[in-house]
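J.: Sharing my_file_9.pdb here; it has PDB, C-alpha atoms, pLDDT in the B column.
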ATOM      1  CA  MET A   1     150.771 104.685  86.677  1.00 71.00           C
ATOM      2  CA  THR A   2     150.494 101.395  88.577  1.00 80.00           C
ATOM      3  CA  LEU A   3     147.169  99.666  89.156  1.00 75.00           C
ATOM      4  CA  ALA A   4     147.249 100.600  92.844  1.00 73.00           C
ATOM      5  CA  GLN A   5     147.934 104.234  91.948  1.00 74.00           C
ATOM      6  CA  HIS A   6     144.961 104.227  89.577  1.00 73.00           C
ATOM      7  CA  TYR A   7     142.603 103.190  92.356  1.00 74.00           C
ATOM      8  CA  GLN A   8     143.993 105.211  95.250  1.00 74.00           C
ATOM      9  CA  GLN A   9     145.244 108.388  93.549  1.00 75.00           C
ATOM     10  CA  HIS A  10     142.413 110.461  95.086  1.00 75.00           C
ATOM     11  CA  LEU A  11     141.833 108.393  98.225  1.00 78.00           C
ATOM     12  CA  SER A  12     142.042 109.962 101.675  1.00 83.00           C
ATOM     13  CA  VAL A  13     141.056 107.097 103.958  1.00 86.00           C
ATOM     14  CA  ASP A  14     140.796 109.124 107.167  1.00 89.00           C
ATOM     15  CA  SER A  15     138.595 111.698 105.453  1.00 88.00           C
ATOM     16  CA  VAL A  16     136.209 109.079 104.060  1.00 89.00           C
ATOM     17  CA  LEU A  17     135.959 107.201 107.358  1.00 92.00           C
ATOM     18  CA  GLY A  18     135.377 110.467 109.200  1.00 92.00           C
ATOM     19  CA  GLN A  19     132.497 111.394 106.900  1.00 90.00           C
ATOM     20  CA  VAL A  20     130.907 107.949 107.248  1.00 93.00           C
ATOM     21  CA  ALA A  21     131.163 108.135 111.043  1.00 94.00           C
ATOM     22  CA  GLU A  22     129.618 111.617 110.987  1.00 93.00           C
ATOM     23  CA  HIS A  23     126.653 110.492 108.873  1.00 92.00           C
ATOM     24  CA  TYR A  24     126.121 107.227 110.804  1.00 93.00           C
ATOM     25  CA  PRO A  25     127.313 107.694 114.410  1.00 94.00           C
ATOM     26  CA  ASP A  26     125.669 104.423 115.487  1.00 93.00           C
ATOM     27  CA  GLY A  27     127.454 102.494 112.739  1.00 93.00           C
ATOM     28  CA  PRO A  28     126.375 102.039 109.088  1.00 93.00           C
ATOM     29  CA  THR A  29     124.602  98.996 107.708  1.00 91.00           C
ATOM     30  CA  PHE A  30     125.855  97.388 104.510  1.00 86.00           C
ATOM     31  CA  PHE A  31     122.786  98.851 102.775  1.00 89.00           C
ATOM     32  CA  GLN A  32     123.779 102.363 103.840  1.00 92.00           C
ATOM     33  CA  LEU A  33     127.372 101.805 102.721  1.00 93.00           C
ATOM     34  CA  ALA A  34     126.363 100.457  99.290  1.00 90.00           C
ATOM     35  CA  PRO A  35     126.748 103.747  97.345  1.00 87.00           C
ATOM     36  CA  LEU A  36     130.331 103.904  98.612  1.00 87.00           C
ATOM     37  CA  ASP A  37     131.548 100.313  98.646  1.00 90.00           C
ATOM     38  CA  GLN A  38     129.471  98.259  96.155  1.00 90.00           C
ATOM     39  CA  LEU A  39     131.416  99.613  93.181  1.00 84.00           C
ATOM     40  CA  HIS A  40     130.301  97.084  90.592  1.00 89.00           C
ATOM     41  CA  ILE A  41     127.440  96.632  88.150  1.00 89.00           C
ATOM     42  CA  GLY A  42     124.257  95.578  89.916  1.00 90.00           C
ATOM     43  CA  GLY A  43     125.220  96.727  93.402  1.00 89.00           C
ATOM     44  CA  ILE A  44     123.828  94.799  96.383  1.00 92.00           C
ATOM     45  CA  LYS A  45     121.599  92.570  94.253  1.00 91.00           C
ATOM     46  CA  ALA A  46     124.566  91.389  92.193  1.00 92.00           C
ATOM     47  CA  SER A  47     126.477  90.521  95.367  1.00 94.00           C
ATOM     48  CA  ALA A  48     123.427  88.626  96.652  1.00 94.00           C
ATOM     49  CA  ARG A  49     123.340  86.624  93.417  1.00 92.00           C
ATOM     50  CA  LEU A  50     126.940  85.541  93.986  1.00 92.00           C
ATOM     51  CA  MET A  51     126.299  84.524  97.577  1.00 92.00           C
ATOM     52  CA  GLY A  52     123.226  82.620  96.456  1.00 93.00           C
ATOM     53  CA  LEU A  53     125.603  80.135  94.805  1.00 94.00           C
ATOM     54  CA  LEU A  54     127.213  79.379  98.179  1.00 95.00           C
ATOM     55  CA  ASP A  55     126.122  78.200 101.614  1.00 93.00           C
ATOM     56  CA  SER A  56     127.732  79.459 104.815  1.00 93.00           C
ATOM     57  CA  GLN A  57     127.432  75.982 106.332  1.00 94.00           C
ATOM     58  CA  THR A  58     129.234  74.100 103.546  1.00 94.00           C
ATOM     59  CA  HIS A  59     131.527  76.903 102.288  1.00 95.00           C
ATOM     60  CA  PRO A  60     132.011  79.158 105.333  1.00 96.00           C
ATOM     61  CA  ARG A  61     135.468  80.637 104.611  1.00 97.00           C
ATOM     62  CA  LEU A  62     135.596  82.870 101.538  1.00 98.00           C
ATOM     63  CA  LEU A  63     138.429  84.724  99.804  1.00 98.00           C
ATOM     64  CA  ASP A  64     137.402  87.862  97.906  1.00 98.00           C
ATOM     65  CA  ILE A  65     140.157  88.674  95.374  1.00 97.00           C
ATOM     66  CA  GLY A  66     140.170  92.345  94.438  1.00 95.00           C
ATOM     67  CA  ALA A  67     137.950  93.198  97.388  1.00 95.00           C
ATOM     68  CA  GLY A  68     138.226  96.961  96.869  1.00 91.00           C
ATOM     69  CA  ALA A  69     136.245  98.943  99.427  1.00 92.00           C
ATOM     70  CA  GLY A  70     134.710  95.717 100.747  1.00 94.00           C
ATOM     71  CA  GLY A  71     130.987  95.924 100.045  1.00 94.00           C
ATOM     72  CA  LEU A  72     130.696  92.271  99.034  1.00 95.00           C
ATOM     73  CA  MET A  73     132.723  91.234 102.086  1.00 95.00           C
ATOM     74  CA  ARG A  74     130.466  92.976 104.599  1.00 95.00           C
ATOM     75  CA  GLN A  75     127.307  91.736 102.897  1.00 95.00           C
ATOM     76  CA  ALA A  76     128.657  88.178 103.032  1.00 95.00           C
ATOM     77  CA  ALA A  77     129.776  88.610 106.653  1.00 95.00           C
ATOM     78  CA  GLU A  78     126.237  89.641 107.575  1.00 93.00           C
ATOM     79  CA  ALA A  79     125.043  86.426 105.910  1.00 93.00           C
ATOM     80  CA  GLY A  80     127.300  84.308 108.146  1.00 94.00           C
ATOM     81  CA  PHE A  81     130.446  83.838 106.044  1.00 96.00           C
ATOM     82  CA  GLU A  82     134.000  84.317 107.330  1.00 96.00           C
ATOM     83  CA  MET A  83     135.563  86.760 104.883  1.00 97.00           C
ATOM     84  CA  LEU A  84     139.151  87.394 103.845  1.00 97.00           C
ATOM     85  CA  GLY A  85     139.615  90.213 101.369  1.00 97.00           C
ATOM     86  CA  LEU A  86     142.721  90.570  99.221  1.00 97.00           C
ATOM     87  CA  ASP A  87     143.620  93.628  97.181  1.00 95.00           C
ATOM     88  CA  ILE A  88     146.833  94.930  95.645  1.00 93.00           C
ATOM     89  CA  THR A  89     145.767  98.478  96.594  1.00 90.00           C
ATOM     90  CA  HIS A  90     146.770  99.048 100.211  1.00 91.00           C
ATOM     91  CA  GLY A  91     144.667 102.195 100.484  1.00 90.00           C
ATOM     92  CA  PHE A  92     141.533 100.207  99.646  1.00 91.00           C
ATOM     93  CA  ASN A  93     142.400  97.628 102.303  1.00 94.00           C
ATOM     94  CA  HIS A  94     142.855 100.390 104.885  1.00 93.00           C
ATOM     95  CA  LEU A  95     139.458 101.842 103.925  1.00 93.00           C
ATOM     96  CA  ASN A  96     137.862  98.380 103.830  1.00 94.00           C
ATOM     97  CA  GLN A  97     139.035  97.489 107.329  1.00 95.00           C
ATOM     98  CA  GLY A  98     137.975 100.886 108.682  1.00 95.00           C
ATOM     99  CA  LEU A  99     134.470 100.541 107.234  1.00 95.00           C
ATOM    100  CA  SER A 100     134.150  97.045 108.697  1.00 95.00           C
ATOM    101  CA  GLN A 101     135.085  98.415 112.112  1.00 95.00           C
ATOM    102  CA  LEU A 102     132.494 101.191 111.830  1.00 95.00           C
ATOM    103  CA  ALA A 103     129.904  98.569 110.840  1.00 94.00           C
ATOM    104  CA  GLY A 104     130.901  96.259 113.717  1.00 94.00           C
ATOM    105  CA  LEU A 105     131.968  93.455 111.369  1.00 92.00           C
ATOM    106  CA  GLU A 106     135.744  93.493 111.816  1.00 91.00           C
ATOM    107  CA  HIS A 107     135.602  90.080 113.560  1.00 92.00           C
ATOM    108  CA  ARG A 108     134.199  88.451 110.388  1.00 92.00           C
ATOM    109  CA  ALA A 109     135.903  90.489 107.650  1.00 94.00           C
ATOM    110  CA  HIS A 110     139.692  90.830 107.390  1.00 95.00           C
ATOM    111  CA  CYS A 111     141.979  92.278 104.691  1.00 94.00           C
ATOM    112  CA  ILE A 112     145.455  91.649 103.346  1.00 95.00           C
ATOM    113  CA  THR A 113     147.487  93.537 100.749  1.00 96.00           C
ATOM    114  CA  ALA A 114     148.873  91.078  98.210  1.00 95.00           C
ATOM    115  CA  ASP A 115     149.075  90.107  94.544  1.00 95.00           C
ATOM    116  CA  ALA A 116     146.676  87.467  93.213  1.00 96.00           C
ATOM    117  CA  LEU A 117     149.597  85.936  91.301  1.00 95.00           C
ATOM    118  CA  ASN A 118     151.159  84.882  94.622  1.00 95.00           C
ATOM    119  CA  LEU A 119     148.439  84.301  97.201  1.00 97.00           C
ATOM    120  CA  PRO A 120     149.968  84.295 100.718  1.00 97.00           C
ATOM    121  CA  LEU A 121     147.745  81.396 101.788  1.00 97.00           C
ATOM    122  CA  ALA A 122     148.238  77.716 102.497  1.00 97.00           C
ATOM    123  CA  ASP A 123     147.144  75.011 100.088  1.00 98.00           C
ATOM    124  CA  ALA A 124     143.478  73.971 100.417  1.00 97.00           C
ATOM    125  CA  SER A 125     142.843  76.668 103.022  1.00 97.00           C
ATOM    126  CA  MET A 126     139.746  78.323 101.494  1.00 98.00           C
ATOM    127  CA  ASP A 127     136.226  77.008 100.899  1.00 98.00           C
ATOM    128  CA  ALA A 128     135.461  79.413  98.049  1.00 98.00           C
ATOM    129  CA  VAL A 129     137.087  82.195  96.041  1.00 98.00           C
ATOM    130  CA  LEU A 130     135.157  85.200  94.729  1.00 97.00           C
ATOM    131  CA  PHE A 131     135.895  87.693  91.946  1.00 97.00           C
ATOM    132  CA  GLN A 132     133.658  90.682  91.310  1.00 95.00           C
ATOM    133  CA  HIS A 133     134.957  93.034  88.586  1.00 94.00           C
ATOM    134  CA  SER A 134     138.575  92.277  89.511  1.00 94.00           C
ATOM    135  CA  PHE A 135     139.623  89.496  87.122  1.00 94.00           C
ATOM    136  CA  LEU A 136     139.711  92.169  84.382  1.00 93.00           C
ATOM    137  CA  ASN A 137     142.807  93.647  86.085  1.00 93.00           C
ATOM    138  CA  MET A 138     144.754  90.365  85.982  1.00 92.00           C
ATOM    139  CA  PRO A 139     147.510  90.364  83.316  1.00 91.00           C
ATOM    140  CA  ASP A 140     148.241  86.635  83.746  1.00 93.00           C
ATOM    141  CA  SER A 141     144.801  85.175  84.297  1.00 92.00           C
ATOM    142  CA  ALA A 142     145.965  81.570  83.865  1.00 94.00           C
ATOM    143  CA  ALA A 143     148.453  81.925  86.719  1.00 96.00           C
ATOM    144  CA  VAL A 144     145.806  83.556  88.918  1.00 97.00           C
ATOM    145  CA  LEU A 145     143.389  80.684  88.316  1.00 97.00           C
ATOM    146  CA  ASN A 146     146.113  78.167  89.156  1.00 96.00           C
ATOM    147  CA  GLU A 147     146.670  79.989  92.455  1.00 97.00           C
ATOM    148  CA  CYS A 148     142.932  79.827  93.117  1.00 98.00           C
ATOM    149  CA  ARG A 149     142.992  76.071  92.549  1.00 97.00           C
ATOM    150  CA  ARG A 150     145.906  75.734  94.948  1.00 97.00           C
ATOM    151  CA  VAL A 151     144.269  77.562  97.868  1.00 98.00           C
ATOM    152  CA  LEU A 152     140.828  76.009  97.366  1.00 98.00           C
ATOM    153  CA  ARG A 153     139.927  72.805  99.168  1.00 97.00           C
ATOM    154  CA  PRO A 154     139.262  69.867  96.778  1.00 94.00           C
ATOM    155  CA  ASP A 155     135.496  70.508  96.660  1.00 94.00           C
ATOM    156  CA  GLY A 156     135.802  74.286  96.897  1.00 96.00           C
ATOM    157  CA  LYS A 157     134.066  76.749  94.585  1.00 97.00           C
ATOM    158  CA  LEU A 158     135.112  79.645  92.387  1.00 97.00           C
ATOM    159  CA  VAL A 159     132.394  82.275  91.874  1.00 97.00           C
ATOM    160  CA  MET A 160     132.829  85.183  89.458  1.00 96.00           C
ATOM    161  CA  HIS A 161     130.851  88.248  88.371  1.00 95.00           C
ATOM    162  CA  GLU A 162     132.968  89.782  85.633  1.00 95.00           C
ATOM    163  CA  VAL A 163     132.915  92.289  82.809  1.00 94.00           C
ATOM    164  CA  VAL A 164     133.916  90.529  79.588  1.00 93.00           C
ATOM    165  CA  ARG A 165     135.178  91.680  76.207  1.00 92.00           C
ATOM    166  CA  GLY A 166     132.389  92.519  73.756  1.00 90.00           C
ATOM    167  CA  PRO A 167     132.428  92.936  69.968  1.00 90.00           C
ATOM    168  CA  HIS A 168     133.479  96.614  70.060  1.00 90.00           C
ATOM    169  CA  ALA A 169     136.220  96.485  72.694  1.00 86.00           C
ATOM    170  CA  ASN A 170     138.713  98.202  70.371  1.00 86.00           C
ATOM    171  CA  ALA A 171     136.530 101.316  70.465  1.00 89.00           C
ATOM    172  CA  MET A 172     136.668 101.551  74.275  1.00 89.00           C
ATOM    173  CA  ARG A 173     137.880 104.948  75.483  1.00 90.00           C
ATOM    174  CA  TYR A 174     140.056 105.425  78.551  1.00 88.00           C
ATOM    175  CA  PRO A 175     139.940 106.009  81.416  1.00 85.00           C
ATOM    176  CA  VAL A 176     137.407 103.365  82.416  1.00 86.00           C
ATOM    177  CA  PRO A 177     136.541 102.639  86.080  1.00 83.00           C
ATOM    178  CA  TRP A 178     139.039  99.757  86.289  1.00 86.00           C
ATOM    179  CA  ALA A 179     141.959 101.245  84.329  1.00 85.00           C
ATOM    180  CA  SER A 180     143.516 104.555  83.364  1.00 84.00           C
ATOM    181  CA  ASP A 181     144.838 103.059  80.116  1.00 85.00           C
ATOM    182  CA  ALA A 182     145.096  99.767  78.239  1.00 87.00           C
ATOM    183  CA  GLN A 183     148.059  98.625  80.359  1.00 88.00           C
ATOM    184  CA  HIS A 184     145.792  97.522  83.228  1.00 88.00           C
ATOM    185  CA  SER A 185     142.689  96.449  81.305  1.00 90.00           C
ATOM    186  CA  HIS A 186     142.702  92.723  80.557  1.00 92.00           C
ATOM    187  CA  LEU A 187     139.205  91.942  79.349  1.00 93.00           C
ATOM    188  CA  GLU A 188     138.605  88.509  77.885  1.00 92.00           C
ATOM    189  CA  SER A 189     135.608  87.354  75.879  1.00 94.00           C
ATOM    190  CA  ALA A 190     133.092  85.039  77.514  1.00 94.00           C
ATOM    191  CA  ASP A 191     134.402  82.142  75.416  1.00 94.00           C
ATOM    192  CA  GLN A 192     137.993  82.912  76.420  1.00 94.00           C
ATOM    193  CA  LEU A 193     136.996  83.034  80.082  1.00 95.00           C
ATOM    194  CA  ARG A 194     135.224  79.697  79.869  1.00 95.00           C
ATOM    195  CA  GLN A 195     138.283  78.163  78.184  1.00 95.00           C
ATOM    196  CA  GLN A 196     140.616  79.576  80.839  1.00 94.00           C
ATOM    197  CA  LEU A 197     138.495  78.106  83.611  1.00 96.00           C
ATOM    198  CA  GLU A 198     138.391  74.665  82.016  1.00 96.00           C
ATOM    199  CA  GLN A 199     142.134  74.679  81.318  1.00 95.00           C
ATOM    200  CA  ALA A 200     142.733  75.482  85.000  1.00 95.00           C
ATOM    201  CA  GLY A 201     140.769  72.370  85.948  1.00 95.00           C
ATOM    202  CA  PHE A 202     137.477  73.925  87.014  1.00 96.00           C
ATOM    203  CA  HIS A 203     134.168  72.228  86.255  1.00 95.00           C
ATOM    204  CA  ILE A 204     131.648  74.893  85.223  1.00 96.00           C
ATOM    205  CA  ASP A 205     128.257  74.565  86.923  1.00 94.00           C
ATOM    206  CA  HIS A 206     126.868  77.993  85.917  1.00 92.00           C
ATOM    207  CA  PHE A 207     127.810  80.369  83.112  1.00 93.00           C
ATOM    208  CA  ILE A 208     125.173  83.093  82.873  1.00 92.00           C
ATOM    209  CA  ASP A 209     125.097  86.237  80.711  1.00 92.00           C
ATOM    210  CA  TRP A 210     123.822  89.177  82.807  1.00 89.00           C
ATOM    211  CA  SER A 211     124.449  91.795  80.110  1.00 90.00           C
ATOM    212  CA  ASP A 212     120.816  92.860  79.665  1.00 91.00           C
ATOM    213  CA  ASP A 213     120.382  93.219  83.437  1.00 89.00           C
ATOM    214  CA  ALA A 214     123.668  95.130  83.654  1.00 88.00           C
ATOM    215  CA  LEU A 215     122.698  97.620  80.948  1.00 89.00           C
ATOM    216  CA  ALA A 216     119.271  98.186  82.502  1.00 91.00           C
ATOM    217  CA  TRP A 217     120.876  98.758  85.917  1.00 87.00           C
ATOM    218  CA  ARG A 218     123.354 101.244  84.441  1.00 86.00           C
ATOM    219  CA  GLN A 219     120.515 103.196  82.806  1.00 88.00           C
ATOM    220  CA  ARG A 220     118.663 103.396  86.120  1.00 87.00           C
ATOM    221  CA  GLN A 221     121.821 104.582  87.864  1.00 79.00           C
ATOM    222  CA  ARG A 222     122.379 107.262  85.231  1.00 79.00           C
ATOM    223  CA  ALA A 223     118.824 108.518  85.749  1.00 79.00           C
ATOM    224  CA  LYS A 224     119.418 108.746  89.500  1.00 76.00           C
ATOM    225  CA  GLU A 225     122.696 110.582  89.017  1.00 68.00           C
ATOM    226  CA  THR A 226     120.990 113.263  86.930  1.00 68.00           C
ATOM    227  CA  GLN A 227     118.446 113.963  89.665  1.00 68.00           C
ATOM    228  CA  GLN A 228     120.430 116.396  91.788  1.00 51.00           C
ATOM    229  CA  SER A 229     117.795 116.466  94.515  1.00 46.00           C
ATOM    230  CA  ARG A 230     118.302 112.742  95.190  1.00 52.00           C
ATOM    231  CA  GLN A 231     122.027 112.596  95.708  1.00 57.00           C
ATOM    232  CA  ALA A 232     123.175 109.734  97.938  1.00 60.00           C
ATOM    233  CA  VAL A 233     124.481 110.555 101.397  1.00 73.00           C
ATOM    234  CA  LEU A 234     127.631 108.558 100.571  1.00 80.00           C
ATOM    235  CA  SER A 235     129.332 108.659  97.196  1.00 76.00           C
ATOM    236  CA  PRO A 236     132.316 107.021  95.442  1.00 75.00           C
ATOM    237  CA  SER A 237     133.216 110.500  94.214  1.00 73.00           C
ATOM    238  CA  TRP A 238     134.779 111.037  97.663  1.00 73.00           C
ATOM    239  CA  PHE A 239     137.799 109.093  96.409  1.00 69.00           C
ATOM    240  CA  LEU A 240     137.201 108.350  92.711  1.00 67.00           C
ATOM    241  CA  VAL A 241     136.198 111.950  91.809  1.00 59.00           C
ATOM    242  CA  SER A 242     134.299 112.880  88.654  1.00 57.00           C
ATOM    243  CA  ALA A 243     136.420 110.678  86.351  1.00 59.00           C
ATOM    244  CA  PHE A 244     134.702 107.614  87.795  1.00 59.00           C
TER
END
Could you rewrite the structure in this file as structure tokens?

T.:
Amino acid sequence: MTLAQHYQQHLSVDSVLGQVAEHYPDGPTFFQLAPLDQLHIGGIKASARLMGLLDSQTHPRLLDIGAGAGGLMRQAAEAGFEMLGLDITHGFNHLNQGLSQLAGLEHRAHCITADALNLPLADASMDAVLFQHSFLNMPDSAAVLNECRRVLRPDGKLVMHEVVRGPHANAMRYPVPWASDAQHSHLESADQLRQQLEQAGFHIDHFIDWSDDALAWRQRQRAKETQQSRQAVLSPSWFLVSAF
């Protein structure tokens, strides 16, 4: 199974967009879409933390690599950034663009289907590059970081919120949300990630461990999921089913 097949094997874009339009006929806000499109640890607050490291006046044009369903993109667009989302999964890009249209943000959030190893962008064309739980799918992380350096302007920024390899990674059981098997899971330790960034020529301003916050957030989410009477109007189970 390819990486794109892993993510879109249960995805019916027209069905999902139809359900969103039915629930929110006047157009959904990014808060309302969060249960569907903020598919990362920490949800909206984690995305806000990333954007807090940037300024729409000094870094207005952002590239979100591995944009998925586009929650981070629409949140950033609302904050005044010009967003370009890239994902290797065409079905996600179709869903992402459709959700942006329903939310009235299609003029500030655009998508392309491409591989991060060969970014179809000009040199020095982006002000910042974002990763949120997508670097862990990159089999050649050094090459991806070199591509990021190429498309970033000289004083551009790279901002990442990533899952890293812990001390018991060998005991991890598949499937996990980002991979059906070990073929598409490329976790690196925090030290390895730092080394990769420095070798690619990046100067590290912030390197923060959010593990305690992440675990606490996951426990709260699990408690919500067990309360059947409080099910969200929108759900990632529409396209990721129970395996997610």

J.: With all atoms listed in the file as the counted atoms, please give the residues lying no more than 9 Å from stretch 32-39 of chain A, apart from itself and same-chain residues fewer than 5 positions off, as number ranges by chain.

T.: A: 20, 24, 44, 47, 68-72, 96, 99, 133, 232-238

J.: Give me a file of those residues, with C-alpha atoms, as a PDB file, keeping the file's coordinate frame.

T.:
ATOM      1  CA  VAL A  20     130.907 107.949 107.248  1.00 93.00           C
ATOM      2  CA  TYR A  24     126.121 107.227 110.804  1.00 93.00           C
ATOM      3  CA  ILE A  44     123.828  94.799  96.383  1.00 92.00           C
ATOM      4  CA  SER A  47     126.477  90.521  95.367  1.00 94.00           C
ATOM      5  CA  GLY A  68     138.226  96.961  96.869  1.00 91.00           C
ATOM      6  CA  ALA A  69     136.245  98.943  99.427  1.00 92.00           C
ATOM      7  CA  GLY A  70     134.710  95.717 100.747  1.00 94.00           C
ATOM      8  CA  GLY A  71     130.987  95.924 100.045  1.00 94.00           C
ATOM      9  CA  LEU A  72     130.696  92.271  99.034  1.00 95.00           C
ATOM     10  CA  ASN A  96     137.862  98.380 103.830  1.00 94.00           C
ATOM     11  CA  LEU A  99     134.470 100.541 107.234  1.00 95.00           C
ATOM     12  CA  HIS A 133     134.957  93.034  88.586  1.00 94.00           C
ATOM     13  CA  ALA A 232     123.175 109.734  97.938  1.00 60.00           C
ATOM     14  CA  VAL A 233     124.481 110.555 101.397  1.00 73.00           C
ATOM     15  CA  LEU A 234     127.631 108.558 100.571  1.00 80.00           C
ATOM     16  CA  SER A 235     129.332 108.659  97.196  1.00 76.00           C
ATOM     17  CA  PRO A 236     132.316 107.021  95.442  1.00 75.00           C
ATOM     18  CA  SER A 237     133.216 110.500  94.214  1.00 73.00           C
ATOM     19  CA  TRP A 238     134.779 111.037  97.663  1.00 73.00           C
TER      20      TRP A 238
END

J.: Running the PyMOL selection byres ((chain A and resi 82) around 9) on this model by hand, what would come out? Give it as an NGL selection string.

T.: :A and (56 or 60-63 or 73 or 76-77 or 80-81 or 83-84 or 107-110)

J.: Residues as selected, C-alpha atoms, written as a PDB file, in the frame of the given file, can you do that?

T.:
ATOM      1  CA  SER A  56     127.732  79.459 104.815  1.00 93.00           C
ATOM      2  CA  PRO A  60     132.011  79.158 105.333  1.00 96.00           C
ATOM      3  CA  ARG A  61     135.468  80.637 104.611  1.00 97.00           C
ATOM      4  CA  LEU A  62     135.596  82.870 101.538  1.00 98.00           C
ATOM      5  CA  LEU A  63     138.429  84.724  99.804  1.00 98.00           C
ATOM      6  CA  MET A  73     132.723  91.234 102.086  1.00 95.00           C
ATOM      7  CA  ALA A  76     128.657  88.178 103.032  1.00 95.00           C
ATOM      8  CA  ALA A  77     129.776  88.610 106.653  1.00 95.00           C
ATOM      9  CA  GLY A  80     127.300  84.308 108.146  1.00 94.00           C
ATOM     10  CA  PHE A  81     130.446  83.838 106.044  1.00 96.00           C
ATOM     11  CA  MET A  83     135.563  86.760 104.883  1.00 97.00           C
ATOM     12  CA  LEU A  84     139.151  87.394 103.845  1.00 97.00           C
ATOM     13  CA  HIS A 107     135.602  90.080 113.560  1.00 92.00           C
ATOM     14  CA  ARG A 108     134.199  88.451 110.388  1.00 92.00           C
ATOM     15  CA  ALA A 109     135.903  90.489 107.650  1.00 94.00           C
ATOM     16  CA  HIS A 110     139.692  90.830 107.390  1.00 95.00           C
TER      17      HIS A 110
END

J.: So which one's closest to A:Phe31, A:Ala223, A:Ala103, A:Leu95, A:Leu11? Using only C-alpha atoms, please.

T.: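 The closest residue to A:Phe31 is A:Ala103.
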
J.: Could you check the closest approach to A:Thr89 for each of A:Ala4, A:Ala21, A:Leu102, A:Cys148 and tell me which residue wins, using all atoms listed in the file?

T.: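 Ranking A:Ala4, A:Ala21, A:Leu102, A:Cys148 by distance to A:Thr89, first place goes to A:Ala4.
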
J.: Please build the interface table for stretch 36-145 of chain A against stretch 12-15 of chain A with a cut-off of 9 Å, listing for each qualifying residue the nearest atom pair and the distance in Å to one decimal; count all atoms listed in the file, order rows by chain and increasing number, and write it as JSON lines.

T.:
{"residue": "A:Gly91", "atom": "CA", "partner": "A:Val13", "partner_atom": "CA", "distance": 7.0}
{"residue": "A:Phe92", "atom": "CA", "partner": "A:Val13", "partner_atom": "CA", "distance": 8.1}
{"residue": "A:His94", "atom": "CA", "partner": "A:Val13", "partner_atom": "CA", "distance": 7.0}
{"residue": "A:Leu95", "atom": "CA", "partner": "A:Val13", "partner_atom": "CA", "distance": 5.5}
{"residue": "A:Gly98", "atom": "CA", "partner": "A:Val13", "partner_atom": "CA", "distance": 8.4}

J.: On this file, the PyMOL selection byres ((chain A and resi 149) around 10) gives some set of residues; write that set as a ChimeraX atom specification.

T.: /A:123-124,126,128-129,143-148,150-154,156-158,200-202

J.: Go through A:His168, A:Leu54, A:Gln192, A:Leu117 one by one, measure the shortest atom-to-atom distance of each to A:Leu130 using all atoms listed in the file, and give the residue with the smallest value.

T.: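 Distance minimum relative to A:Leu130 lands on A:Leu54.
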
J.: So what do you get for atom CA of A:Arg222 versus atom CA of A:Lys45, distance-wise?

T.: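 Computing it gives 17.3 Å between the two atoms.
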
J.: Can you work out which one of A:Gln101, A:Thr113, A:Gln132, A:Thr29 has the shortest atom-to-atom distance to A:Gly85, counting all atoms listed in the file?

T.: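 Among A:Gln101, A:Thr113, A:Gln132, A:Thr29, it is A:Thr113 that comes nearest to A:Gly85.
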
J.: What separation in Å, quoted to one decimal, exists between atom CA of A:Ile88 and atom CA of A:Leu187?

T.: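 Atom-to-atom, atom CA of A:Ile88 and atom CA of A:Leu187 are spaced 18.2 Å apart.
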
J.: Counting all atoms listed in the file, figure out which residue out of A:Asp87, A:Asp115, A:Asp26, A:Glu78 gets nearest to A:Met51.

T.: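 The answer is A:Glu78, which sits nearest to A:Met51.
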
J.: Within 9 Å of stretch 183-185 of chain A, counting all atoms listed in the file, which residues show up once you throw out same-chain ones fewer than 6 positions away? Write them as an MDAnalysis selection string, please.

T.: chainID A and resid 2:3 136:139 176

J.: Can you list, as a list in words, the residues that the PyMOL selection byres ((chain A and resi 188-191) around 8) selects here?

T.: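 Those residues are Leu136, Val164, Arg165, Gly166, His186, Leu187, Gln192, Leu193, Arg194 and Gln195 of chain A.
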
J.: By how many Å are atom CA of A:His40 and atom CA of A:Pro167 apart?

T.: 21.1 Å

J.: Counting only C-alpha atoms, figure out which residue out of A:Ala171, A:Leu105, A:Val159, A:Leu197 gets nearest to A:Ala48.

T.: A:Val159

J.: With only C-alpha atoms counted and 10 Å as the cut-off, give the residues of stretch 39-139 of chain A in contact with stretch 204-218 of chain A, each with its shortest interatomic distance in Å and the pair that gives it, as JSON lines.

T.:
{"residue": "A:His40", "atom": "CA", "partner": "A:Ala214", "partner_atom": "CA", "distance": 9.8}
{"residue": "A:Ile41", "atom": "CA", "partner": "A:Ala214", "partner_atom": "CA", "distance": 6.1}
{"residue": "A:Gly42", "atom": "CA", "partner": "A:Trp217", "partner_atom": "CA", "distance": 6.1}
{"residue": "A:Gly43", "atom": "CA", "partner": "A:Trp217", "partner_atom": "CA", "distance": 8.9}
{"residue": "A:Ala46", "atom": "CA", "partner": "A:Ala214", "partner_atom": "CA", "distance": 9.4}
{"residue": "A:Leu53", "atom": "CA", "partner": "A:His206", "partner_atom": "CA", "distance": 9.2}

J.: As AutoDock Vina command-line options, please: the centre and edge lengths in Å, to one decimal, of an axis-aligned box enclosing every listed atom of stretch 93-97 of chain A with 5 Å added on each side.

T.:
--center_x 140.4 --center_y 99.7 --center_z 104.8 --size_x 15.0 --size_y 14.4 --size_z 15.0
